[in-house]
Amino acid sequence: MPTPDVETLARRDDIIAALRRIVPGEGVIDDAAELRPYESDGLTIYRQPPMVVVLPETVEQVSAILRWCHAHGVKVVPRGAGTSLSGGALPLADAVLLGMSKFSRIIDISYEDRLAIVQPGVTNLAITRAVEGRGFYYAPDPSSQIACTIGGNVAENSGGVHCLKYGLTTNNVLSVELVTMEGEVLRLGGRHLDPAGLDLLGVIVGSEGLLGVVTEVTVRILPRPQAARALLIGFATVESAGQCVADVIAAGIIPAGMEMMDRPAIHAAEAFVQVGYPLDVDALLIVELDGPVAECDHLIDEVARIATAHGAVSLRVSHDDQERLAFWAGRKAAFPAVGRLAPDYYCMDGTIPRRHLPEVLRRISIMAEQHSLAVANVFHAGDGNLHPLILYDAQKPGDIQRAEDFGNDILRLCVEMGGVLTGEHGVGVEKRDLMPIMFSQTDLDHQQRVKCAFDPDLLLNPGKVFPTLHRCAEVGRMHVHGGKLPFPELPRF
Amino acid sequence: MLQPATIDELAGLFAEAAARGRKIELRGGGSKSSLGADRQADIVDMRSFSGIADYDPPELVLTVGAGTPLAEVERLVDNQNQMLAFDPFDHGPVLGGTSGQATIGGVIAAGVGGSGRLTAGGARDHLLGFTAVSGRGERFVGGAKVVKNVTGYDLPKLVAGSWGRLAALTEVTLKVLPRPPVVVTMAVAGLDHHAAQRAMACAMGSSAEVGAAAHLPVGPDSTALTLFRVPGFAPSVAARCAALPELLRDHGRLFALPEDEAAVCWTAIREVRPLRDAPVLWKINVAPSSGPALVDHFAPLGASWLFDWAGGLVWLGFDGNPGLVRQAAEAVGGHATLVRAPDALRNTLPMQHPRMPGVAALEARVRRAFDPAGIFETGRFLDDNDAH
């Protein structure tokens with residue numbers, strides 16, 4: 001992380017006093033013991049207590065805080081529920097941590113226009129809870145959905161097991177109210193589809209808190225599908241499971257969810273929740289179909305036929321919701337289940353073109369030997385999003401470093417195979433230094449100039465996403481070397 | 001017209017334009033060139049950047065040159081029983097020109113989405129990645145070639161619908177989806193605009209999974225027709241079409257439209273045919289429930305109209321005071337795009353709905369980030385001075 005600014009640290013008392021003038025009472029936290037709970041997010045490998053925490057309750061307060069911090073050159077790190085798996089909300093020693101937890105109101109629901117307007121501190125699941133009585137739900141369902149907030153989902157463009165069919169956060173957000181680092185309150189999008197001009201909303205979603213602080217979110221809600229049924233299919237090899245996935249999609253079927261687990265993950269999950277997973281297979285697929293009853297029944301048969309053609313060694317079909325949820329129980333518990341195999345685990349999040357899955361898993365197992373660490377793989381098979389879980393022991397000297405090195409090797413492999421560093425967890429602190437593997441300096445400069453358009457002083461969530469943040473004046477320059485144009489030999493106007 | 005054949009040539013052109021203060025208009029097939037004000041600019045024809053780079057149907061990913069004709073891309077995916085789910089369409093027929101000129105880069109750059117956009121998402125939702133040359137004369141990439149990716153800023157969202165004001169797309173990677181084997185259109189006749197919007201809201205909020213909903217105030221039989229498109233596998237479509245009449249029983253009598261009639265209706269909607277004689281054509285994006293209020297406002301003034309997107313897209317033919325249209329759209333939180341207009345209006349009224357000052361200034365800063373010399377600021381959008 002950037003070296004803390006000594007001059008800012010020296011002004012700490014003044015900064016706290018200024019924040020107290022904006023947010024009176026309990027809303028400013030500066031006591032060392034009370035700051036401790038904020039020292040990390042879901043990526044606990046990194047820890048850093050913030051300089052001070054402020055918990056505003058109104059848009060006016062958010063605006064005033066940002067305006068003051070901007071005027072005084074103080075950095076700000078926004079935070080939702082702190083469930084980021086990439087260190088997106090990791091505090092800085094010399095920054096104000098802006099917690100949005102008090103923005104927890106549902107503002108409006110329109111069933112006629114199929115949308116909900118909520119404050120950013122509302123949890124993902126609470127949106128569904130608020131509309132399910134009328135038969136609706138909010139589709140993106142990251143596994144942390146009980147705890148994670150919609151504001152954090154917007155920052156990270158969160159996904160979930162259903163995003164092949166229903167999209168990520170970005171495909172389900174219609175509008176945000178955003179406060180810029182200068183304290184200006186802007187509305188992007190609306191209750192309608194498509195903006196009048198540039199799709200700034202599209203770039204806000206997934207910007208990891210670097211462009212502005214979201215104070216209100218309008219999401220689309222969908223009618224709950226009539227039925228959902230699932231298949232639990234075991235394969236002797238990863239190859240045959242992978243081929244089954246490809247053929248399901250080639251048959252025109254987009255399952256609501258399609259998850260794969262490898263042998264270590266299956267064994268860990270079964271030992272943990274005992275739901276009857278087959279233990280003599282190398283790959284387990286959970287395929288969930290949703291929609292009208294007639295559609296589920298039809299597609300269950302289709303998928304079963306394809307699976308059998310690919311030599312499925314075990315195949316179960318859910319007959320009721322209880323059985324369907326039992327199929328999922330092991331997958332949903334995969335992380336804690338794997339967590340029982342070692343004191344610590346490190347969850348990776350690359351995406352690859354699905355066709356390379358067998359090759360990628362083979363090379364991951366070779367890497368595991370090289371790094372002397374065990375790994376279990378769970379995979380959003382439909383969209384190619386791979387979650388290798390690296391097992392390590394933080395107490396063991398060198399293990400943290402080896403886990404990180406192993407993880408980095410996996411992500412390099414994903415990019416080499418035509419994939420990406422992160423499918424849904426975000427870059428944050430974790431993958432920041434790997435960005436040059438996927439993007440050239442010119443690519444990164446084009447991204448950073450967007451940052452400069454929103455926050456030219458680079459005060460908002462610095463140290464995340466970009467390996468190095470150049471001063472905006474520097475990155476904004478057009479390079480015409482010695483007055484010479486590139487490719488002078490080419491014919492032009 | 002300049003016809004660069006390589007990325008290096010394109011980069012060189014832009015760098016030189018920047019150095020010499022020249023203006024550049026990017027053009028695919030030119031099917032939308034009559035939108036916006038007249039401008040003085042060197043036209044850069046992007047059609048050399050064409051062809052299929054990579055297509056593996058089970059991966060649901062297609063990479064093509066941005067200058068590839070839309071019709072060719074559609075044929076390609078159709079042959080694999082797939083589709084571009086955002087339902088892009090050719091503006092040629094909408095603007096009184098010929099069809100078949102539109103390129104895939106053009107429909108992405110203009111954010112074009114048809115009736116299916118209501119449920120399947122827009123161009124923005126299906127552009128996974130791109131290669132482009134920015135106004136700085138530099139090649140860069142955004143996004144990636146996989147369906148799920150959150151690495152770095154989502155630049156594909158920003159370039160989709162940017163009208164060539166940030167960068168010249170040379171290659172685009174799109175998410176493709178299976179084409180539903182069966183599509184049935186159910187319809188109700190004789191509803192007024194309020195009843196039609198309520199019926200569409202009811203259908204969209206039901207478990208019948210309606211893919212598109214539109215309303216023609218004057219259908220092929222001269223009566224109003226409200227349409228519900230039900231795509232999917234045969235058993236599913238049959239079940240949903242059987243359920244819809246009961247779900248919508250309070251809204252009228254539903255019947256299945258014969259396939260040929262349905263095709264005529266959806267083409268009419270896509271090409272805005274009922275409004276083809278209107279000299280001034282507006283596309284108004286609002287919340288679906290606000291659609292009827294706009295009709296209440298403008299129908300008595302002689303406007304013609306139709307609804308797509310369950311009422312959330314109002315096509316309005318109205319040659320009265322344009323200020324009224326913008327005002328009415330804004331009053332319900334929406335915006336109005338001037339799609340077709342006589343020269344005098346086109347050259348004085350911005351094609352896009354003006355944004356609030358803070359948003360306009362931010363957009364201008366973002367444009368400058370990609371195009372510091374303003375080579376793409378041709379005057380077409382009549383908002384070039386927002387930055388100053």
# chains A, B, ... in the order shown; residues from 1 in each chain; ligands from 1
>>> residues_around(residues="Ala307 in chain A", least_positions_apart="3", cutoff="9 Å", atoms="only C-alpha atoms", output="mmCIF file with C-alpha atoms, in the first residue's frame")
data_model
loop_
_atom_site.group_PDB
_atom_site.id
_atom_site.type_symbol
_atom_site.label_atom_id
_atom_site.label_comp_id
_atom_site.auth_asym_id
_atom_site.auth_seq_id
_atom_site.Cartn_x
_atom_site.Cartn_y
_atom_site.Cartn_z
ATOM 1 C CA ILE A 233 -24.291 -35.723 -11.702
ATOM 2 C CA PHE A 235 -18.346 -38.085 -13.660
ATOM 3 C CA SER A 240 -16.336 -35.770 -19.421
ATOM 4 C CA ALA A 241 -17.941 -33.322 -16.974
ATOM 5 C CA CYS A 244 -21.255 -32.378 -20.664
ATOM 6 C CA VAL A 245 -21.344 -28.685 -19.712
ATOM 7 C CA ASP A 247 -23.081 -29.904 -24.762
ATOM 8 C CA VAL A 248 -25.799 -28.644 -22.409
ATOM 9 C CA GLU A 302 -32.622 -33.179 -21.771
ATOM 10 C CA VAL A 303 -29.739 -32.607 -19.367
ATOM 11 C CA ALA A 304 -30.030 -36.144 -18.012
ATOM 12 C CA HIS A 310 -21.105 -38.463 -21.573
ATOM 13 C CA GLY A 311 -20.848 -41.452 -19.274
ATOM 14 C CA ALA A 312 -22.212 -40.004 -16.042
ATOM 15 C CA LEU A 315 -27.196 -39.119 -11.637
#
>>> select_by_dssp(residues="range 196-345 of chain A", states="helix (DSSP H, G or I)", output="MDAnalysis selection string")
chainID A and resid 200:204 238:250 263:273 293:309 321:332 334:339
>>> write_last_selection(atoms="C-alpha atoms", output="tab-separated table (two decimals), in the first residue's frame")
chain	number	residue	atom	x	y	z
A	200	LEU	CA	-21.43	6.40	-16.74
A	201	LEU	CA	-23.51	4.08	-14.57
A	202	GLY	CA	-21.95	1.17	-16.45
A	203	VAL	CA	-18.46	2.22	-15.43
A	204	ILE	CA	-19.45	3.03	-11.83
A	238	VAL	CA	-13.12	-33.74	-15.34
A	239	GLU	CA	-12.98	-34.01	-19.13
A	240	SER	CA	-16.34	-35.77	-19.42
A	241	ALA	CA	-17.94	-33.32	-16.97
A	242	GLY	CA	-16.55	-30.42	-19.00
A	243	GLN	CA	-17.82	-31.90	-22.23
A	244	CYS	CA	-21.25	-32.38	-20.66
A	245	VAL	CA	-21.34	-28.68	-19.71
A	246	ALA	CA	-20.41	-27.65	-23.26
A	247	ASP	CA	-23.08	-29.90	-24.76
A	248	VAL	CA	-25.80	-28.64	-22.41
A	249	ILE	CA	-25.11	-25.12	-23.66
A	250	ALA	CA	-24.75	-26.28	-27.26
A	263	ARG	CA	-12.60	-34.62	-5.99
A	264	PRO	CA	-11.03	-32.79	-3.01
A	265	ALA	CA	-13.93	-30.33	-2.89
A	266	ILE	CA	-16.53	-33.14	-3.10
A	267	HIS	CA	-14.89	-35.06	-0.25
A	268	ALA	CA	-14.53	-31.98	1.94
A	269	ALA	CA	-18.16	-30.97	1.36
A	270	GLU	CA	-19.55	-34.44	1.98
A	271	ALA	CA	-17.55	-34.83	5.18
A	272	PHE	CA	-18.94	-31.50	6.36
A	273	VAL	CA	-22.64	-31.71	5.48
A	293	VAL	CA	-42.86	-26.40	-14.41
A	294	ALA	CA	-43.22	-27.70	-17.96
A	295	GLU	CA	-39.86	-26.18	-18.89
A	296	CYS	CA	-38.05	-27.60	-15.86
A	297	ASP	CA	-39.42	-31.06	-16.50
A	298	HIS	CA	-38.49	-30.92	-20.18
A	299	LEU	CA	-34.97	-29.64	-19.56
A	300	ILE	CA	-34.25	-32.02	-16.69
A	301	ASP	CA	-34.81	-34.86	-19.14
A	302	GLU	CA	-32.62	-33.18	-21.77
A	303	VAL	CA	-29.74	-32.61	-19.37
A	304	ALA	CA	-30.03	-36.14	-18.01
A	305	ARG	CA	-29.85	-37.47	-21.56
A	306	ILE	CA	-26.72	-35.41	-22.34
A	307	ALA	CA	-25.08	-36.42	-19.05
A	308	THR	CA	-25.74	-40.09	-19.67
A	309	ALA	CA	-24.30	-39.77	-23.17
A	321	ASP	CA	-37.23	-28.26	-3.05
A	322	GLN	CA	-35.83	-30.00	-0.01
A	323	GLU	CA	-33.87	-32.40	-2.18
A	324	ARG	CA	-32.76	-29.61	-4.51
A	325	LEU	CA	-31.47	-27.61	-1.56
A	326	ALA	CA	-29.68	-30.70	-0.27
A	327	PHE	CA	-27.83	-30.94	-3.60
A	328	TRP	CA	-26.76	-27.34	-3.11
A	329	ALA	CA	-25.93	-27.68	0.57
A	330	GLY	CA	-22.55	-29.23	-0.12
A	331	ARG	CA	-21.63	-26.68	-2.77
A	332	LYS	CA	-22.77	-23.77	-0.63
A	334	ALA	CA	-17.72	-25.85	0.10
A	335	PHE	CA	-15.68	-22.94	1.42
A	336	PRO	CA	-16.16	-23.66	5.13
A	337	ALA	CA	-15.89	-27.39	4.39
A	338	VAL	CA	-12.54	-26.93	2.71
A	339	GLY	CA	-11.68	-24.60	5.56
>>> closest_residue(among="B:Gly320, B:Gly211, B:Gly312, B:Gly135", to="Ala369 in chain B", atoms="only C-alpha atoms")
B:Gly135
>>> residues_around(residues="Gly111 in chain B", least_positions_apart="5", cutoff="9 Å", atoms="only C-alpha atoms", output="NGL selection string")
(:A and (194)) or (:B and (88 or 106 or 122-124 or 159-163))
>>> atom_distance(atom1="CA of Ile43 in chain B", atom2="CA of Pro4 in chain B")
10.8 Å
>>> closest_residue(among="B:Ala344, B:Val295, B:Ala53, B:Ala201", to="chain A", atoms="only C-alpha atoms")
B:Ala201
>>> select_by_dssp(residues="range 15-239 of chain B", states="strand (DSSP E)", output="ChimeraX atom specification")
/B:24-27,42-45,52-56,61-65,82-83,127-134,139-143,167-175,177-178,182-189,212-216,225-232
>>> residues_around(residues="Glu369 in chain A", least_positions_apart="5", cutoff="12 Å", atoms="only C-alpha atoms", output="mmCIF file with N, CA and C atoms, in the first residue's frame")
data_model
loop_
_atom_site.group_PDB
_atom_site.id
_atom_site.type_symbol
_atom_site.label_atom_id
_atom_site.label_comp_id
_atom_site.auth_asym_id
_atom_site.auth_seq_id
_atom_site.Cartn_x
_atom_site.Cartn_y
_atom_site.Cartn_z
ATOM 1 N N ARG A 362 -5.450 -29.687 -14.591
ATOM 2 C CA ARG A 362 -4.258 -30.531 -14.596
ATOM 3 C C ARG A 362 -3.032 -29.702 -14.182
ATOM 4 N N ARG A 363 -2.919 -28.513 -14.746
ATOM 5 C CA ARG A 363 -1.749 -27.696 -14.427
ATOM 6 C C ARG A 363 -1.807 -27.144 -13.009
ATOM 7 N N ILE A 364 -3.025 -26.904 -12.505
ATOM 8 C CA ILE A 364 -3.139 -26.452 -11.111
ATOM 9 C C ILE A 364 -2.642 -27.551 -10.170
ATOM 10 N N ALA A 374 -2.026 -28.007 -0.754
ATOM 11 C CA ALA A 374 -3.182 -28.692 -1.322
ATOM 12 C C ALA A 374 -4.154 -27.661 -1.898
ATOM 13 N N VAL A 375 -4.972 -28.130 -2.838
ATOM 14 C CA VAL A 375 -5.951 -27.226 -3.439
ATOM 15 C C VAL A 375 -7.227 -28.003 -3.743
ATOM 16 N N ILE A 390 -6.954 -22.621 -2.005
ATOM 17 C CA ILE A 390 -5.605 -23.059 -1.636
ATOM 18 C C ILE A 390 -5.548 -23.230 -0.119
ATOM 19 N N ARG A 402 3.815 -18.715 0.185
ATOM 20 C CA ARG A 402 3.641 -19.782 -0.800
ATOM 21 C C ARG A 402 2.219 -19.799 -1.348
ATOM 22 N N PHE A 406 1.330 -19.292 -5.210
ATOM 23 C CA PHE A 406 0.528 -20.307 -5.889
ATOM 24 C C PHE A 406 -0.689 -19.643 -6.553
#
>>> closest_residue(among="B:Ala331, B:Asp8, B:Leu2, B:Arg165", to="Ile375 in chain B", atoms="only C-alpha atoms")
B:Arg165
>>> closest_residue(among="A:Leu193, A:Ala342, A:Ala64, A:Leu92", to="Gln395 in chain A", atoms="only C-alpha atoms")
A:Ala342
>>> residues_around(residues="His192 in chain A", least_positions_apart="4", cutoff="8 Å", atoms="only C-alpha atoms", output="list in words")
Leu174 of chain A; Asn285, Val286, Ala287, Pro288, Gly312 and Gly334 of chain B
